[in-house]
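Text of data_14.pdb, listed as PDB, C-alpha atoms and all ligand atoms:
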```
ATOM      1  CA  MET G   1     162.476  76.241  70.489
ATOM      2  CA  ASN G   2     162.002  74.357  67.194
ATOM      3  CA  SER G   3     161.210  76.471  64.170
ATOM      4  CA  ARG G   4     157.539  75.548  63.971
ATOM      5  CA  ALA G   5     156.958  76.379  67.610
ATOM      6  CA  TYR G   6     158.947  79.566  67.125
ATOM      7  CA  ARG G   7     156.842  80.532  64.146
ATOM      8  CA  ARG G   8     153.605  79.931  65.985
ATOM      9  CA  TRP G   9     154.823  82.035  68.878
ATOM     10  CA  ALA G  10     156.315  84.696  66.641
ATOM     11  CA  GLY G  11     153.411  84.883  64.248
ATOM     12  CA  ALA G  12     150.819  85.251  66.917
ATOM     13  CA  LEU G  13     152.201  88.309  68.618
ATOM     14  CA  PRO G  14     151.815  91.577  66.738
ATOM     15  CA  LEU G  15     148.464  91.114  65.091
ATOM     16  CA  LEU G  16     146.717  89.137  67.715
ATOM     17  CA  ALA G  17     147.548  92.013  69.995
ATOM     18  CA  ILE G  18     145.562  94.309  67.725
ATOM     19  CA  ALA G  19     142.768  91.745  67.518
ATOM     20  CA  ALA G  20     142.784  91.521  71.280
ATOM     21  CA  ALA G  21     142.281  95.271  71.465
ATOM     22  CA  SER G  22     139.063  95.093  69.502
ATOM     23  CA  LEU G  23     137.909  92.108  71.545
ATOM     24  CA  ALA G  24     138.820  93.680  74.868
ATOM     25  CA  GLN G  25     135.372  93.054  76.368
ATOM     26  CA  ASP G  26     135.402  89.390  75.427
ATOM     27  CA  ASP G  27     137.469  88.172  78.346
ATOM     28  CA  SER G  28     137.847  84.543  77.383
ATOM     29  CA  ARG G  29     140.587  83.995  79.950
ATOM     30  CA  ASP G  30     137.854  83.424  82.547
ATOM     31  CA  GLY G  31     139.661  84.084  85.771
ATOM     32  CA  GLU G  32     142.948  82.630  84.560
ATOM     33  CA  GLU G  33     145.953  84.587  85.843
ATOM     34  CA  PRO G  34     147.168  86.906  83.062
ATOM     35  CA  PRO G  35     150.779  86.239  82.050
ATOM     36  CA  ALA G  36     153.297  88.315  84.010
ATOM     37  CA  LEU G  37     154.894  91.337  82.363
ATOM     38  CA  SER G  38     158.645  91.164  81.853
ATOM     39  CA  VAL G  39     160.745  94.113  83.026
ATOM     40  CA  ILE G  40     164.169  94.116  81.386
ATOM     41  CA  PRO G  41     167.012  96.654  81.783
ATOM     42  CA  VAL G  42     168.081  97.693  78.286
ATOM     43  CA  GLN G  43     170.926 100.172  78.672
ATOM     44  CA  GLY G  44     171.589 103.442  80.501
ATOM     45  CA  ASN G  45     168.332 104.827  81.919
ATOM     46  CA  VAL G  46     166.056 102.793  79.646
ATOM     47  CA  TYR G  47     164.040  99.665  80.459
ATOM     48  CA  LEU G  48     161.707  97.405  78.478
ATOM     49  CA  ILE G  49     158.312  96.244  79.723
ATOM     50  CA  ALA G  50     157.108  93.337  77.570
ATOM     51  CA  GLY G  51     153.883  91.365  77.555
ATOM     52  CA  ALA G  52     151.251  94.140  77.685
ATOM     53  CA  GLY G  53     150.723  94.407  73.900
ATOM     54  CA  GLY G  54     153.459  96.232  71.981
ATOM     55  CA  ASN G  55     156.810  96.649  73.716
ATOM     56  CA  ILE G  56     156.977  99.545  76.191
ATOM     57  CA  ALA G  57     160.166 101.567  76.793
ATOM     58  CA  VAL G  58     160.557 103.341  80.128
ATOM     59  CA  GLN G  59     163.172 106.018  80.860
ATOM     60  CA  THR G  60     163.732 106.850  84.527
ATOM     61  CA  GLY G  61     165.769 109.399  86.467
ATOM     62  CA  ASP G  62     165.614 112.226  89.034
ATOM     63  CA  ASP G  63     163.098 114.195  86.945
ATOM     64  CA  GLY G  64     160.634 111.309  86.854
ATOM     65  CA  VAL G  65     159.460 108.723  84.345
ATOM     66  CA  LEU G  66     158.908 108.883  80.583
ATOM     67  CA  VAL G  67     156.952 106.032  78.967
ATOM     68  CA  VAL G  68     157.062 105.140  75.251
ATOM     69  CA  ASP G  69     153.855 103.288  74.315
ATOM     70  CA  THR G  70     151.401 101.954  76.846
ATOM     71  CA  GLY G  71     150.152  98.513  75.765
ATOM     72  CA  LEU G  72     146.577  97.292  75.493
ATOM     73  CA  PRO G  73     143.939  99.064  77.620
ATOM     74  CA  GLU G  74     143.161  96.000  79.738
ATOM     75  CA  ASN G  75     146.824  95.689  80.767
ATOM     76  CA  ALA G  76     147.343  99.304  81.880
ATOM     77  CA  GLU G  77     147.169  98.634  85.635
ATOM     78  CA  ARG G  78     149.771  95.888  85.332
ATOM     79  CA  VAL G  79     151.975  98.232  83.286
ATOM     80  CA  LEU G  80     151.694 100.830  86.049
ATOM     81  CA  ALA G  81     152.715  98.223  88.622
ATOM     82  CA  ALA G  82     155.704  97.273  86.467
ATOM     83  CA  ILE G  83     156.725 100.952  86.139
ATOM     84  CA  ARG G  84     156.556 101.229  89.938
ATOM     85  CA  THR G  85     159.158  98.451  90.253
ATOM     86  CA  LEU G  86     161.543 100.735  88.323
ATOM     87  CA  SER G  87     160.881 104.134  89.925
ATOM     88  CA  ASP G  88     158.629 105.778  92.474
ATOM     89  CA  ARG G  89     159.158 109.188  90.829
ATOM     90  CA  PRO G  90     156.117 110.692  89.035
ATOM     91  CA  ILE G  91     155.264 109.748  85.455
ATOM     92  CA  ARG G  92     155.885 113.014  83.525
ATOM     93  CA  PHE G  93     155.585 112.150  79.831
ATOM     94  CA  VAL G  94     153.992 109.557  77.561
ATOM     95  CA  VAL G  95     155.136 109.134  73.943
ATOM     96  CA  ASN G  96     153.394 107.017  71.271
ATOM     97  CA  THR G  97     155.261 105.437  68.346
ATOM     98  CA  HIS G  98     151.995 105.070  66.364
ATOM     99  CA  VAL G  99     148.226 104.787  66.607
ATOM    100  CA  HIS G 100     147.578 101.038  67.052
ATOM    101  CA  PRO G 101     145.788 100.226  70.331
ATOM    102  CA  ASP G 102     148.397  97.669  71.403
ATOM    103  CA  HIS G 103     150.687 100.736  71.702
ATOM    104  CA  THR G 104     148.248 103.490  72.760
ATOM    105  CA  GLY G 105     145.560 101.617  74.712
ATOM    106  CA  GLY G 106     146.996 102.321  78.161
ATOM    107  CA  ASN G 107     147.529 106.075  77.524
ATOM    108  CA  GLY G 108     144.556 107.216  79.610
ATOM    109  CA  THR G 109     145.291 105.107  82.689
ATOM    110  CA  ILE G 110     149.045 105.710  82.659
ATOM    111  CA  GLY G 111     148.672 109.428  81.904
ATOM    112  CA  ALA G 112     146.153 109.823  84.727
ATOM    113  CA  ALA G 113     148.575 108.167  87.171
ATOM    114  CA  GLY G 114     151.221 110.825  86.499
ATOM    115  CA  THR G 115     151.554 114.555  86.916
ATOM    116  CA  ASN G 116     153.419 117.339  85.137
ATOM    117  CA  GLU G 117     153.308 120.874  86.547
ATOM    118  CA  GLY G 118     154.521 122.297  83.244
ATOM    119  CA  PHE G 119     151.352 121.225  81.450
ATOM    120  CA  ARG G 120     147.798 122.086  82.391
ATOM    121  CA  ASP G 121     144.612 120.852  80.883
ATOM    122  CA  ALA G 122     142.815 123.762  79.215
ATOM    123  CA  LEU G 123     139.528 122.769  80.844
ATOM    124  CA  ARG G 124     140.732 122.088  84.357
ATOM    125  CA  SER G 125     143.296 123.463  86.747
ATOM    126  CA  GLU G 126     145.080 120.213  87.522
ATOM    127  CA  PRO G 127     148.357 119.325  85.851
ATOM    128  CA  VAL G 128     148.175 116.627  83.186
ATOM    129  CA  VAL G 129     150.757 114.370  81.629
ATOM    130  CA  PRO G 130     151.431 115.363  78.023
ATOM    131  CA  ILE G 131     151.136 112.541  75.487
ATOM    132  CA  TYR G 132     153.375 113.112  72.469
ATOM    133  CA  ALA G 133     153.027 111.589  69.010
ATOM    134  CA  HIS G 134     153.126 112.505  65.360
ATOM    135  CA  GLU G 135     150.047 114.548  64.503
ATOM    136  CA  THR G 136     148.389 111.906  62.303
ATOM    137  CA  VAL G 137     148.028 109.724  65.432
ATOM    138  CA  LEU G 138     145.804 112.391  66.971
ATOM    139  CA  HIS G 139     144.002 112.998  63.666
ATOM    140  CA  ARG G 140     143.066 109.312  63.519
ATOM    141  CA  LEU G 141     141.991 109.002  67.146
ATOM    142  CA  SER G 142     139.993 112.246  67.075
ATOM    143  CA  GLY G 143     138.257 111.401  63.792
ATOM    144  CA  ALA G 144     139.860 114.236  61.778
ATOM    145  CA  ILE G 145     141.061 111.332  59.631
ATOM    146  CA  GLU G 146     138.338 108.698  59.573
ATOM    147  CA  ASP G 147     139.565 105.623  61.432
ATOM    148  CA  PRO G 148     137.768 102.816  63.292
ATOM    149  CA  ILE G 149     140.264 102.910  66.193
ATOM    150  CA  ASP G 150     138.332 104.426  69.077
ATOM    151  CA  LEU G 151     139.987 105.470  72.347
ATOM    152  CA  PRO G 152     138.639 107.795  75.067
ATOM    153  CA  VAL G 153     139.696 111.470  74.843
ATOM    154  CA  ARG G 154     142.034 111.060  77.830
ATOM    155  CA  SER G 155     144.086 108.628  75.729
ATOM    156  CA  TRP G 156     144.579 110.990  72.792
ATOM    157  CA  PRO G 157     148.082 112.359  72.207
ATOM    158  CA  ILE G 158     147.221 116.053  72.398
ATOM    159  CA  ASP G 159     150.854 117.197  72.171
ATOM    160  CA  THR G 160     151.763 116.426  68.586
ATOM    161  CA  TYR G 161     154.507 117.346  66.145
ATOM    162  CA  HIS G 162     154.215 117.699  62.385
ATOM    163  CA  VAL G 163     157.841 118.262  61.334
ATOM    164  CA  ASP G 164     160.522 115.623  60.672
ATOM    165  CA  LYS G 165     161.951 115.612  64.188
ATOM    166  CA  PHE G 166     160.859 116.635  67.657
ATOM    167  CA  ASP G 167     163.358 117.266  70.477
ATOM    168  CA  MET G 168     162.874 116.666  74.200
ATOM    169  CA  TYR G 169     165.269 116.854  77.155
ATOM    170  CA  PHE G 170     164.457 114.836  80.267
ATOM    171  CA  ASN G 171     166.432 113.150  83.042
ATOM    172  CA  GLY G 172     169.638 114.719  81.753
ATOM    173  CA  GLU G 173     169.158 113.075  78.382
ATOM    174  CA  SER G 174     168.374 114.418  74.933
ATOM    175  CA  ILE G 175     165.547 112.483  73.316
ATOM    176  CA  GLN G 176     164.490 112.797  69.717
ATOM    177  CA  LEU G 177     161.261 111.659  68.058
ATOM    178  CA  ARG G 178     161.902 111.108  64.357
ATOM    179  CA  HIS G 179     158.911 110.726  62.038
ATOM    180  CA  GLN G 180     159.077 107.839  59.548
ATOM    181  CA  PRO G 181     156.668 108.730  56.733
ATOM    182  CA  ASN G 182     154.409 106.023  55.311
ATOM    183  CA  ALA G 183     156.186 103.104  56.974
ATOM    184  CA  HIS G 184     154.141 100.792  59.260
ATOM    185  CA  THR G 185     151.462 103.549  59.259
ATOM    186  CA  ASP G 186     151.473 107.258  58.323
ATOM    187  CA  GLY G 187     152.313 108.331  61.882
ATOM    188  CA  ASP G 188     155.340 106.307  62.991
ATOM    189  CA  SER G 189     157.976 107.790  65.273
ATOM    190  CA  ILE G 190     161.191 106.189  66.389
ATOM    191  CA  VAL G 191     162.300 107.466  69.799
ATOM    192  CA  TRP G 192     166.043 107.966  70.234
ATOM    193  CA  PHE G 193     167.508 108.141  73.752
ATOM    194  CA  ARG G 194     170.832 109.720  72.889
ATOM    195  CA  ARG G 195     172.744 109.284  76.154
ATOM    196  CA  SER G 196     171.431 105.819  76.972
ATOM    197  CA  ASP G 197     172.094 104.929  73.300
ATOM    198  CA  VAL G 198     168.775 103.151  72.869
ATOM    199  CA  ILE G 199     166.103 103.567  70.181
ATOM    200  CA  ALA G 200     162.471 102.512  70.646
ATOM    201  CA  THR G 201     161.454 101.614  67.091
ATOM    202  CA  GLY G 202     157.721 100.985  67.297
ATOM    203  CA  ASP G 203     156.471  98.567  64.664
ATOM    204  CA  VAL G 204     158.803  99.646  61.834
ATOM    205  CA  TYR G 205     161.069  96.943  63.279
ATOM    206  CA  LEU G 206     159.859  93.574  64.613
ATOM    207  CA  THR G 207     161.866  90.505  65.533
ATOM    208  CA  THR G 208     158.816  88.239  65.494
ATOM    209  CA  SER G 209     157.516  88.293  61.916
ATOM    210  CA  TYR G 210     157.487  90.046  58.571
ATOM    211  CA  PRO G 211     156.363  93.643  59.100
ATOM    212  CA  PHE G 212     152.649  94.398  59.127
ATOM    213  CA  ILE G 213     152.201  96.992  56.386
ATOM    214  CA  ASP G 214     149.056  98.900  57.385
ATOM    215  CA  VAL G 215     148.179 100.160  53.895
ATOM    216  CA  ALA G 216     144.787 101.479  55.051
ATOM    217  CA  ARG G 217     146.683 103.817  57.405
ATOM    218  CA  GLY G 218     149.272 104.919  54.842
ATOM    219  CA  GLY G 219     151.853 102.188  55.391
ATOM    220  CA  SER G 220     154.262 100.945  52.702
ATOM    221  CA  LEU G 221     157.153  98.497  52.463
ATOM    222  CA  GLN G 222     159.364 101.205  50.972
ATOM    223  CA  GLY G 223     158.651 103.437  53.976
ATOM    224  CA  ILE G 224     159.575 100.595  56.345
ATOM    225  CA  ILE G 225     162.848  99.972  54.479
ATOM    226  CA  ASP G 226     163.576 103.726  54.593
ATOM    227  CA  ALA G 227     162.848 103.754  58.345
ATOM    228  CA  LEU G 228     165.188 100.804  58.909
ATOM    229  CA  ASN G 229     167.903 102.615  56.942
ATOM    230  CA  GLU G 230     167.458 105.705  59.128
ATOM    231  CA  LEU G 231     167.613 103.493  62.214
ATOM    232  CA  LEU G 232     170.855 101.994  60.921
ATOM    233  CA  ASP G 233     172.298 105.489  60.357
ATOM    234  CA  LEU G 234     171.781 106.164  64.068
ATOM    235  CA  MET G 235     173.037 102.795  65.377
ATOM    236  CA  ILE G 236     176.727 102.221  66.054
ATOM    237  CA  PRO G 237     177.921  98.762  67.119
ATOM    238  CA  ASP G 238     180.594  97.954  69.678
ATOM    239  CA  ARG G 239     183.467  95.573  68.849
ATOM    240  CA  ASN G 240     182.838  92.752  66.357
ATOM    241  CA  GLU G 241     179.471  94.273  65.364
ATOM    242  CA  GLU G 242     178.020  93.305  68.756
ATOM    243  CA  GLY G 243     176.213  95.552  71.242
ATOM    244  CA  GLY G 244     176.607  99.329  71.034
ATOM    245  CA  THR G 245     173.350 101.121  70.210
ATOM    246  CA  LEU G 246     170.351  98.948  71.085
ATOM    247  CA  ALA G 247     166.956  98.931  69.379
ATOM    248  CA  ILE G 248     163.787  98.014  71.275
ATOM    249  CA  SER G 249     161.593  96.370  68.614
ATOM    250  CA  GLY G 250     157.848  96.984  68.467
ATOM    251  CA  HIS G 251     157.237  93.309  69.252
ATOM    252  CA  GLY G 252     159.899  90.794  70.244
ATOM    253  CA  ALA G 253     163.502  91.199  71.291
ATOM    254  CA  ILE G 254     166.062  93.928  71.898
ATOM    255  CA  SER G 255     168.502  94.070  68.968
ATOM    256  CA  ASP G 256     171.867  95.474  68.060
ATOM    257  CA  GLU G 257     172.771  96.909  64.662
ATOM    258  CA  TYR G 258     173.686  93.554  63.140
ATOM    259  CA  GLU G 259     170.172  92.195  63.671
ATOM    260  CA  VAL G 260     168.535  95.313  62.219
ATOM    261  CA  VAL G 261     170.874  95.058  59.193
ATOM    262  CA  ASN G 262     169.708  91.481  58.623
ATOM    263  CA  TYR G 263     166.048  92.506  58.824
ATOM    264  CA  ARG G 264     166.592  95.429  56.415
ATOM    265  CA  ASP G 265     168.508  93.171  54.010
ATOM    266  CA  MET G 266     165.778  90.520  54.164
ATOM    267  CA  LEU G 267     163.065  93.054  53.261
ATOM    268  CA  THR G 268     165.189  94.581  50.511
ATOM    269  CA  ILE G 269     165.884  91.141  48.997
ATOM    270  CA  ILE G 270     162.181  90.166  49.129
ATOM    271  CA  ARG G 271     161.186  93.500  47.568
ATOM    272  CA  ASP G 272     163.708  93.073  44.740
ATOM    273  CA  ARG G 273     162.590  89.508  44.064
ATOM    274  CA  ILE G 274     158.934  90.540  43.847
ATOM    275  CA  VAL G 275     159.753  93.515  41.622
ATOM    276  CA  ALA G 276     161.725  91.181  39.314
ATOM    277  CA  LEU G 277     158.753  88.784  39.130
ATOM    278  CA  ILE G 278     156.402  91.707  38.385
ATOM    279  CA  ASP G 279     158.769  92.813  35.624
ATOM    280  CA  MET G 280     158.484  89.299  34.131
ATOM    281  CA  GLY G 281     154.751  89.955  33.791
ATOM    282  CA  MET G 282     153.574  87.662  36.591
ATOM    283  CA  THR G 283     150.160  87.948  38.238
ATOM    284  CA  PRO G 284     149.876  88.075  42.057
ATOM    285  CA  GLU G 285     148.975  84.363  42.050
ATOM    286  CA  GLN G 286     152.072  83.512  40.024
ATOM    287  CA  VAL G 287     154.274  85.610  42.292
ATOM    288  CA  LYS G 288     152.919  83.842  45.382
ATOM    289  CA  ALA G 289     153.441  80.448  43.680
ATOM    290  CA  ALA G 290     157.082  81.426  43.073
ATOM    291  CA  GLN G 291     157.557  81.705  46.871
ATOM    292  CA  PRO G 292     159.701  84.849  46.976
ATOM    293  CA  THR G 293     159.902  84.667  50.791
ATOM    294  CA  PHE G 294     160.577  80.923  51.032
ATOM    295  CA  ASP G 295     164.006  81.030  52.706
ATOM    296  CA  TYR G 296     162.794  83.481  55.375
ATOM    297  CA  ASP G 297     159.430  81.897  56.160
ATOM    298  CA  GLY G 298     160.799  79.620  58.897
ATOM    299  CA  ARG G 299     161.933  82.629  60.880
ATOM    300  CA  TYR G 300     159.461  85.370  59.913
ATOM    301  CA  GLY G 301     156.452  83.628  58.318
ATOM    302  CA  ILE G 302     153.094  84.616  59.774
ATOM    303  CA  ASP G 303     149.619  83.169  59.495
ATOM    304  CA  SER G 304     147.046  84.953  61.645
ATOM    305  CA  THR G 305     143.585  86.204  60.737
ATOM    306  CA  LEU G 306     144.784  89.810  60.300
ATOM    307  CA  TRP G 307     148.107  89.277  58.571
ATOM    308  CA  SER G 308     149.863  86.463  56.781
ATOM    309  CA  THR G 309     152.847  85.793  54.569
ATOM    310  CA  GLU G 310     150.389  85.669  51.614
ATOM    311  CA  ARG G 311     148.996  89.116  52.455
ATOM    312  CA  PHE G 312     152.546  90.401  52.900
ATOM    313  CA  ILE G 313     153.466  89.279  49.358
ATOM    314  CA  GLU G 314     150.183  90.595  47.869
ATOM    315  CA  THR G 315     150.663  93.950  49.576
ATOM    316  CA  ILE G 316     154.179  94.327  48.195
ATOM    317  CA  TYR G 317     152.878  93.308  44.757
ATOM    318  CA  GLU G 318     150.214  96.025  44.878
ATOM    319  CA  GLU G 319     152.763  98.600  46.005
ATOM    320  CA  TYR G 320     155.222  97.973  43.172
ATOM    321  CA  ALA G 321     152.979  96.844  40.265
ATOM    322  CA  GLU G 322     152.262 100.086  38.435
TER     323      GLU G 322
HETATM  324 ZN    ZN G 401     151.420  98.589  65.082
END
```
Kindly return the structure encoded in the file as structure tokens.
Ligand SMILES: [Zn+2]
Amino acid sequence: MNSRAYRRWAGALPLLAIAAASLAQDDSRDGEEPPALSVIPVQGNVYLIAGAGGNIAVQTGDDGVLVVDTGLPENAERVLAAIRTLSDRPIRFVVNTHVHPDHTGGNGTIGAAGTNEGFRDALRSEPVVPIYAHETVLHRLSGAIEDPIDLPVRSWPIDTYHVDKFDMYFNGESIQLRHQPNAHTDGDSIVWFRRSDVIATGDVYLTTSYPFIDVARGGSLQGIIDALNELLDLMIPDRNEEGGTLAISGHGAISDEYEVVNYRDMLTIIRDRIVALIDMGMTPEQVKAAQPTFDYDGRYGIDSTLWSTERFIETIYEEYAE
């Protein structure tokens, strides 16, 4: 793929997915076949389902199925079908990396398709599938924190955690949710499958574009860099810096440590350049004119209605200009 085509493809993904969520009723595809979901073995018990919105990680085993993120609401049935190609065991748990509807939209449908005897809905007698997330995800969906994202109650992650880390054990594997404060949003979790040696990163790590810093929901570049550094603490490469621990990005490809290092370094370099330009007394317009992202734009530049390289630079400026 040439770099312009790559950029168009890369730039479109993460934010158009969010736009698509708010335009869910406007089905402009008009009977066209939706693109097929990709189901990709990652490592150990963990698989990737791509193409339904944000990336979805699926862990399978004798105990059943655990699903990390659930894609856009309109794709939930196709996600279920893709899960069924991996396992016919019951769906037992759903986990959300953050609140955006391209990651939480399928919660209701996928949760309703599963069963978990250990958890019962307070209002009914039937077992329900617990949906785990950091507590601010629930606060935003329930309106405790005002937020325009609106999902039905069945899609809310009722089983939340508020500490730094939350432990689970499922399918003979220890799994840890680790909160990343004020990164992509204020409620990001990375999900670490310790035996499979795979981490689902949510949108603190993308291979498709510069990160979307959702300032309105508490996001910050510094928080994203901190999250990437924590990710790198957990990742151990195999020989020649290849393979080893694998990261499932929020949008885009599966990566090893080397690729996450490059992304972290890129963001750190861009941050330091912008801080240096701020220290020289430059205005936001002057900083943008200085093109502090120029050498990375071919790979990570983005120009969609919701996010762009310009907004990325302005947002970093606002964060560090005090
Ligand atoms: Zn997101």
Quick one: residues within 6 Å of stretch 154-167 of chain G, all atoms listed in the file counted, chain neighbours fewer than 3 positions away excluded, as a ChimeraX atom specification?
/G:107-108,131-135,138,175-179
Any residue with an atom at most 8 Å from ligand ZN 401 (chain G) counts, using all atoms listed in the file. Which are they? Put them as a PyMOL selection string.
chain G and resi 14+18+54+98-103+184-185+202-203+212+250
Within 12 Å of stretch 61-85 of chain G, which residues of stretch 217-306 of chain G come that close, and what is the closest atom pair and distance in Å for each? Count all atoms listed in the file and give it as CSV.
```
residue,atom,partner,partner_atom,distance
G:Ile248,CA,G:Val68,CA,10.6
G:Ser249,CA,G:Asp69,CA,11.8
G:Gly250,CA,G:Asp69,CA,9.5
G:His251,CA,G:Gly71,CA,10.9
```
Just C-alpha atoms for this one: save the residues we selected as a short mmCIF file (atom, residue, chain, number, x, y, z; two decimals), keeping the file's coordinate frame.
```
data_model
loop_
_atom_site.label_atom_id
_atom_site.label_comp_id
_atom_site.auth_asym_id
_atom_site.auth_seq_id
_atom_site.Cartn_x
_atom_site.Cartn_y
_atom_site.Cartn_z
CA ILE G 248 163.79 98.01 71.28
CA SER G 249 161.59 96.37 68.61
CA GLY G 250 157.85 96.98 68.47
CA HIS G 251 157.24 93.31 69.25
#
```
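What the PyMOL selection byres (((chain G and resi 210) around 8) and not hetatm) grabs from this file is G:Leu206, G:Thr208, G:Ser209, G:Pro211, G:Phe212, G:Tyr300, G:Gly301, G:Ile302, G:Thr309, G:Phe312.
Counting all atoms listed in the file and comparing G:Thr283, G:Ser220, G:Ser196, G:Thr60, the residue that lies closest to G:Thr245 is G:Ser196.
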For G:Gln43, which residue among G:Arg299, G:Arg217, G:Arg264, G:Arg194 is the nearest when counting all atoms listed in the file?
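Of G:Arg299, G:Arg217, G:Arg264, G:Arg194, the one nearest G:Gln43 is G:Arg194, counting all atoms listed in the file.
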Given all atoms listed in the file as the basis, pick out the residue of G:Thr305, G:Asn116, G:Asn171, G:Thr315 nearest to G:Pro284.
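Closest to G:Pro284 of all the choices is G:Thr315.
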I need the output of the PyMOL selection byres (((chain G and resi 319) around 10) and not hetatm) for this file as a list of chain:residue names; which residues are they?
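With the shown file as input, the PyMOL selection byres (((chain G and resi 319) around 10) and not hetatm) matches G:Val215, G:Ser220, G:Leu221, G:Gln222, G:Arg271, G:Val275, G:Ile313, G:Glu314, G:Thr315, G:Ile316, G:Tyr317, G:Glu318, G:Tyr320, G:Ala321, G:Glu322.
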Write the residues of the preceding selection, restricted to C-alpha atoms, as a PDB file, keeping the file's coordinate frame.
```
ATOM      1  CA  VAL G 215     148.179 100.160  53.895  1.00  0.00           C
ATOM      2  CA  SER G 220     154.262 100.945  52.702  1.00  0.00           C
ATOM      3  CA  LEU G 221     157.153  98.497  52.463  1.00  0.00           C
ATOM      4  CA  GLN G 222     159.364 101.205  50.972  1.00  0.00           C
ATOM      5  CA  ARG G 271     161.186  93.500  47.568  1.00  0.00           C
ATOM      6  CA  VAL G 275     159.753  93.515  41.622  1.00  0.00           C
ATOM      7  CA  ILE G 313     153.466  89.279  49.358  1.00  0.00           C
ATOM      8  CA  GLU G 314     150.183  90.595  47.869  1.00  0.00           C
ATOM      9  CA  THR G 315     150.663  93.950  49.576  1.00  0.00           C
ATOM     10  CA  ILE G 316     154.179  94.327  48.195  1.00  0.00           C
ATOM     11  CA  TYR G 317     152.878  93.308  44.757  1.00  0.00           C
ATOM     12  CA  GLU G 318     150.214  96.025  44.878  1.00  0.00           C
ATOM     13  CA  TYR G 320     155.222  97.973  43.172  1.00  0.00           C
ATOM     14  CA  ALA G 321     152.979  96.844  40.265  1.00  0.00           C
ATOM     15  CA  GLU G 322     152.262 100.086  38.435  1.00  0.00           C
TER      16      GLU G 322
END
```
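Nearest residue to G:Ile145, choosing from G:Leu306, G:Ile269, G:Ala216, G:Met235 and counting all atoms listed in the file: G:Ala216.
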Have a look at atom CA of G:Thr97 and atom CA of G:Asp303 and let me know their distance in Å, one decimal.
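Result for atom CA of G:Thr97 versus atom CA of G:Asp303: 24.6 Å, one decimal.
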Please, what is the axis-aligned box for every listed atom of stretch 239-258 of chain G with 6 Å on each side, as centre and edge lengths in Å to one decimal, as lines of an AutoDock Vina configuration file?
```
center_x = 170.4
center_y = 96.0
center_z = 67.5
size_x = 38.2
size_y = 22.3
size_z = 20.8
```
Would you fill out stretch 285-298 of chain G with N, CA and C atoms and return it as an mmCIF file, in the coordinates of the input?
```
data_model
loop_
_atom_site.group_PDB
_atom_site.id
_atom_site.type_symbol
_atom_site.label_atom_id
_atom_site.label_comp_id
_atom_site.auth_asym_id
_atom_site.auth_seq_id
_atom_site.Cartn_x
_atom_site.Cartn_y
_atom_site.Cartn_z
ATOM 1 N N GLU G 285 149.008 85.808 41.777
ATOM 2 C CA GLU G 285 148.975 84.363 42.050
ATOM 3 C C GLU G 285 150.279 83.690 41.638
ATOM 4 N N GLN G 286 150.809 84.101 40.492
ATOM 5 C CA GLN G 286 152.072 83.512 40.024
ATOM 6 C C GLN G 286 153.237 83.915 40.936
ATOM 7 N N VAL G 287 153.203 85.156 41.394
ATOM 8 C CA VAL G 287 154.274 85.610 42.292
ATOM 9 C C VAL G 287 154.229 84.818 43.591
ATOM 10 N N LYS G 288 153.030 84.618 44.141
ATOM 11 C CA LYS G 288 152.919 83.842 45.382
ATOM 12 C C LYS G 288 153.398 82.403 45.165
ATOM 13 N N ALA G 289 153.035 81.828 43.982
ATOM 14 C CA ALA G 289 153.441 80.448 43.680
ATOM 15 C C ALA G 289 154.959 80.337 43.563
ATOM 16 N N ALA G 290 155.619 81.433 43.202
ATOM 17 C CA ALA G 290 157.082 81.426 43.073
ATOM 18 C C ALA G 290 157.786 81.496 44.432
ATOM 19 N N GLN G 291 157.036 81.712 45.495
ATOM 20 C CA GLN G 291 157.557 81.705 46.871
ATOM 21 C C GLN G 291 158.754 82.639 47.092
ATOM 22 N N PRO G 292 158.564 83.922 46.856
ATOM 23 C CA PRO G 292 159.701 84.849 46.976
ATOM 24 C C PRO G 292 160.194 85.055 48.412
ATOM 25 N N THR G 293 159.466 84.527 49.398
ATOM 26 C CA THR G 293 159.902 84.667 50.791
ATOM 27 C C THR G 293 160.385 83.344 51.374
ATOM 28 N N PHE G 294 160.440 82.297 50.528
ATOM 29 C CA PHE G 294 160.577 80.923 51.032
ATOM 30 C C PHE G 294 161.675 80.746 52.088
ATOM 31 N N ASP G 295 162.876 81.285 51.799
ATOM 32 C CA ASP G 295 164.006 81.030 52.706
ATOM 33 C C ASP G 295 163.906 81.797 54.029
ATOM 34 N N TYR G 296 162.973 82.737 54.121
ATOM 35 C CA TYR G 296 162.794 83.481 55.375
ATOM 36 C C TYR G 296 161.553 83.043 56.151
ATOM 37 N N ASP G 297 160.723 82.209 55.532
ATOM 38 C CA ASP G 297 159.430 81.897 56.160
ATOM 39 C C ASP G 297 159.576 81.172 57.508
ATOM 40 N N GLY G 298 160.616 80.337 57.644
ATOM 41 C CA GLY G 298 160.799 79.620 58.897
ATOM 42 C C GLY G 298 160.993 80.570 60.069
#
```
